[in-house]
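Below is query-v5.txt, holding compact mmCIF, C-alpha atoms.
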# COMPACT_ATOMS: atom_id res chain seq x y z
CA MET A 1 -37.56 2.04 -26.07
CA ARG A 2 -37.81 4.82 -28.62
CA HIS A 3 -34.92 5.61 -30.98
CA SER A 4 -34.40 8.77 -32.92
CA ARG A 5 -34.43 8.71 -36.71
CA THR A 6 -30.66 9.48 -36.73
CA GLN A 7 -29.94 6.46 -34.54
CA LEU A 8 -32.03 4.17 -36.74
CA LEU A 9 -30.27 5.39 -39.89
CA ALA A 10 -26.87 4.67 -38.30
CA ILE A 11 -27.61 0.97 -37.74
CA PRO A 12 -27.21 -0.17 -41.40
CA ALA A 13 -23.88 1.69 -41.60
CA LEU A 14 -22.70 -0.06 -38.44
CA VAL A 15 -23.74 -3.46 -39.80
CA ALA A 16 -21.88 -2.78 -43.06
CA THR A 17 -18.73 -1.79 -41.14
CA LEU A 18 -18.86 -4.97 -39.04
CA ALA A 19 -19.37 -7.10 -42.17
CA ALA A 20 -16.32 -5.49 -43.80
CA LEU A 21 -14.23 -6.26 -40.69
CA LEU A 22 -15.29 -9.90 -40.77
CA VAL A 23 -14.10 -10.18 -44.38
CA ILE A 24 -10.69 -8.78 -43.38
CA LEU A 25 -10.18 -11.11 -40.39
CA PRO A 26 -8.48 -14.42 -41.25
CA ARG A 27 -10.67 -17.43 -41.13
CA PRO A 28 -9.30 -20.64 -39.67
CA THR A 29 -8.71 -23.30 -42.27
CA SER A 30 -7.80 -26.93 -41.96
CA ALA A 31 -4.49 -26.09 -43.72
CA GLN A 32 -3.29 -24.04 -40.73
CA PRO A 33 -1.65 -26.34 -38.16
CA VAL A 34 -2.78 -26.02 -34.56
CA PRO A 35 0.25 -25.77 -32.28
CA GLU A 36 0.58 -28.71 -29.96
CA ILE A 37 1.74 -28.64 -26.36
CA SER A 38 4.88 -30.52 -27.36
CA ASP A 39 5.96 -27.41 -29.31
CA PHE A 40 6.48 -25.60 -25.98
CA SER A 41 10.08 -25.49 -24.85
CA ALA A 42 10.75 -25.18 -21.12
CA PRO A 43 13.21 -22.52 -19.92
CA MET A 44 15.63 -25.29 -18.92
CA PRO A 45 15.78 -29.02 -19.50
CA ARG A 46 14.01 -31.23 -16.97
CA ALA A 47 17.25 -32.78 -15.71
CA GLN A 48 18.77 -29.35 -15.11
CA ALA A 49 15.67 -28.17 -13.24
CA GLN A 50 15.77 -31.29 -11.06
CA ALA A 51 19.46 -30.66 -10.33
CA VAL A 52 18.73 -27.06 -9.27
CA ILE A 53 15.96 -28.24 -6.94
CA ALA A 54 18.17 -30.98 -5.46
CA ALA A 55 20.99 -28.47 -4.85
CA ALA A 56 18.60 -26.08 -3.08
CA GLN A 57 17.23 -28.90 -0.93
CA ASN A 58 20.77 -30.05 -0.10
CA ALA A 59 21.82 -26.50 0.87
CA ASP A 60 18.74 -26.14 3.08
CA GLN A 61 19.48 -29.49 4.74
CA GLN A 62 23.08 -28.46 5.46
CA ARG A 63 21.85 -25.17 6.93
CA ARG A 64 19.36 -27.05 9.14
CA ASP A 65 22.06 -29.49 10.25
CA THR A 66 24.36 -26.61 11.22
CA LEU A 67 21.56 -24.91 13.14
CA ALA A 68 20.66 -28.20 14.88
CA ARG A 69 24.26 -28.66 16.06
CA THR A 70 24.33 -25.07 17.30
CA LEU A 71 21.14 -25.55 19.28
CA GLY A 72 22.36 -28.86 20.69
CA ALA A 73 19.77 -30.95 18.85
CA THR A 74 20.65 -34.49 17.82
CA SER A 75 19.60 -33.91 14.20
CA ALA A 76 17.89 -31.44 11.95
CA ALA A 77 14.91 -33.78 11.80
CA SER A 78 14.28 -33.07 15.49
CA LEU A 79 13.89 -29.35 14.77
CA PRO A 80 10.36 -28.17 14.00
CA LEU A 81 9.63 -27.18 10.41
CA ALA A 82 9.09 -23.47 10.14
CA GLN A 83 7.54 -21.13 7.66
CA ASN A 84 10.06 -19.20 5.59
CA MET A 85 10.12 -16.76 2.69
CA PHE A 86 12.67 -16.52 -0.10
CA PHE A 87 13.64 -13.13 -1.53
CA SER A 88 15.00 -13.31 -5.05
CA ALA A 89 16.20 -9.70 -4.74
CA THR A 90 18.98 -10.84 -2.37
CA GLY A 91 18.88 -14.64 -2.67
CA HIS A 92 18.17 -15.16 1.05
CA HIS A 93 15.38 -16.50 3.26
CA VAL A 94 13.67 -15.21 6.38
CA SER A 95 12.49 -18.05 8.57
CA ASN A 96 10.36 -18.46 11.66
CA ARG A 97 12.69 -21.00 13.29
CA ALA A 98 13.87 -18.29 15.69
CA GLY A 99 10.83 -16.06 15.13
CA PHE A 100 12.60 -13.71 12.70
CA LEU A 101 9.88 -13.86 10.03
CA ASP A 102 7.07 -12.85 12.40
CA PHE A 103 9.24 -10.10 13.92
CA TRP A 104 10.16 -8.83 10.43
CA ARG A 105 6.49 -8.75 9.37
CA GLU A 106 5.28 -7.09 12.60
CA HIS A 107 7.94 -4.36 12.50
CA GLY A 108 7.62 -3.05 8.97
CA GLY A 109 9.09 -5.74 6.70
CA VAL A 110 10.87 -4.49 3.60
CA LEU A 111 9.81 -0.86 4.10
CA VAL A 112 11.38 -0.49 7.55
CA LEU A 113 13.91 -3.30 7.96
CA GLY A 114 14.80 -4.05 4.35
CA TYR A 115 15.60 -7.33 2.60
CA PRO A 116 17.61 -10.11 4.26
CA LEU A 117 21.34 -9.92 3.47
CA SER A 118 22.26 -13.26 5.06
CA GLU A 119 20.71 -16.46 6.27
CA GLU A 120 20.47 -17.23 10.00
CA ILE A 121 24.06 -17.56 11.21
CA VAL A 122 25.77 -18.03 14.55
CA GLU A 123 28.03 -15.21 15.77
CA ASP A 124 29.57 -15.25 19.25
CA GLY A 125 27.05 -17.87 20.34
CA TRP A 126 24.03 -15.89 19.12
CA ILE A 127 21.74 -16.84 16.24
CA VAL A 128 21.59 -13.67 14.14
CA GLN A 129 20.44 -12.58 10.71
CA TYR A 130 21.46 -9.44 8.84
CA PHE A 131 19.00 -7.24 6.99
CA GLU A 132 19.54 -4.06 5.00
CA ARG A 133 18.77 -1.87 8.02
CA ALA A 134 19.05 -4.13 11.07
CA ARG A 135 20.61 -7.21 12.64
CA PHE A 136 18.18 -9.58 14.38
CA GLU A 137 19.26 -11.59 17.45
CA TYR A 138 17.50 -14.65 18.84
CA HIS A 139 17.34 -14.67 22.66
CA PRO A 140 16.39 -18.21 23.79
CA GLU A 141 16.06 -17.07 27.43
CA ALA A 142 13.06 -15.00 26.27
CA ALA A 143 11.54 -17.67 24.00
CA GLY A 144 7.79 -17.31 23.64
CA THR A 145 7.79 -13.65 24.69
CA ALA A 146 7.91 -10.40 22.74
CA ALA A 147 11.64 -10.14 23.61
CA GLN A 148 12.54 -13.42 21.84
CA VAL A 149 13.83 -11.45 18.85
CA GLN A 150 15.73 -8.25 19.49
CA LEU A 151 17.66 -5.86 17.32
CA SER A 152 21.40 -5.74 17.97
CA LEU A 153 22.79 -2.75 19.79
CA LEU A 154 25.24 -2.06 17.00
CA GLY A 155 26.38 1.28 18.41
CA ARG A 156 27.46 -0.37 21.65
CA GLN A 157 28.94 -3.33 19.81
CA LEU A 158 30.99 -1.18 17.42
CA PHE A 159 31.85 1.77 19.67
CA GLY A 160 31.26 0.50 23.22
CA SER A 161 34.92 0.76 24.28
CA ARG A 162 35.60 4.14 22.62
CA ALA A 163 35.33 7.32 24.64
CA PHE A 164 33.79 10.33 22.95
CA PRO A 165 33.90 13.82 24.44
CA ALA A 166 30.66 14.91 26.11
CA GLY A 167 28.43 17.25 24.17
CA LYS A 168 26.83 20.51 25.29
CA ALA A 169 23.21 21.55 25.15
CA GLU A 170 23.09 24.33 22.55
CA ASP A 171 20.46 25.99 20.38
CA GLY A 172 19.20 23.63 17.68
CA THR A 173 20.48 20.45 19.38
CA LEU A 174 18.87 17.81 21.53
CA PHE A 175 20.94 16.92 24.59
CA PHE A 176 20.67 13.44 26.11
CA PRO A 177 21.87 13.41 29.73
CA GLU A 178 21.96 9.59 29.75
CA THR A 179 24.81 9.52 27.23
CA GLN A 180 26.08 13.11 27.54
CA HIS A 181 25.74 13.51 23.75
CA THR A 182 23.70 15.65 21.39
CA LEU A 183 21.73 15.25 18.22
CA SER A 184 21.34 18.13 15.79

Show this structure as structure tokens.
Amino acid sequence: MRHSRTQLLAIPALVATLAALLVILPRPTSAQPVPEISDFSAPMPRAQAQAVIAAAQNADQQRRDTLARTLGATSAASLPLAQNMFFSATGHHVSNRAGFLDFWREHGGVLVLGYPLSEEIVEDGWIVQYFERARFEYHPEAAGTAAQVQLSLLGRQLFGSRAFPAGKAEDGTLFFPETQHTLS
């Protein structure tokens, strides 16, 4: 490889610059103590961390026991273990016990359905879980099918008994004959 005269003349200047930097950098000496691992302080004492873990395990066991009673199982131990995810943003889990985690993942996760706002709970005999933009329902009669998890029909649930006046098909609106209402 051929180098130009300018490149060759620059090499001694580069070596001098590097030598000057080495003089400036501190050199390790035996007088400087090396920090030991025992100098590290954990974010919380070991006993406190163990207490937090035990409390979380106890809360999970109580939740499993409640779910077992709801499903008619003799104990939580008879329920299958299921994958679940914890979301620190809301402090809640999404589990696959009723298939909610798979449904959540397959239908857009955080981007579409949002974070969980509750754990699995029982309302009016249904196992449900609230998310930022949906309420999941477990339908045991459809277990093992795509209809096992369904989104609640919140409009019917909240307004099913109210009568609204029928809308009219007009410019700039979509008219739905099934409900006699419009969307603009």

| Residues at most 10 Å from A:Arg63, counting only C-alpha atoms, excluding those fewer than 4 positions away in the same chain, as a list of chain:residue names? | A:Gln57, A:Asn58, A:Ala59, A:Leu67, A:Ala68, A:Ala76, A:Glu119, A:Glu120, A:Ile121

| task | Point out the residue among A:Phe136, A:Phe159, A:Tyr115, A:Trp104 with the least atom-to-atom distance to A:Ala89, counting only C-alpha atoms. | result |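 When distances to A:Ala89 are compared using only C-alpha atoms, the smallest one comes from A:Tyr115.
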
| said: One decimal, in Å: what's the spacing between atom CA of A:Glu141 and atom CA of A:Gly99? | reply: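 These atoms are spaced 13.4 Å apart.
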
| Separation of atom CA of A:Tyr130 from atom CA of A:Ile53, in Å and rounded to one decimal | 25.2 Å

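The space separating atom CA of A:Gly125 from atom CA of A:Thr70 comes to 8.3 Å.
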
| query | With distances taken over only C-alpha atoms, which of A:Arg69, A:Phe164, A:Phe103, A:Thr179 is nearest to A:Leu151? | reply |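 Ranked by minimum distance to A:Leu151, first place goes to A:Phe103.
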
| task | Could you check which of A:Gln61, A:Glu170, A:Val52, A:Ala98 is closest to A:Gln148, using only C-alpha atoms? | result |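 The answer is A:Ala98, which sits nearest to A:Gln148.
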
| message | Here is a test: counting all atoms listed in the file, which residue of A:Ala49, A:Phe100, A:His93, A:Ser118 is nearest to A:Ala147? | response | A:Phe100
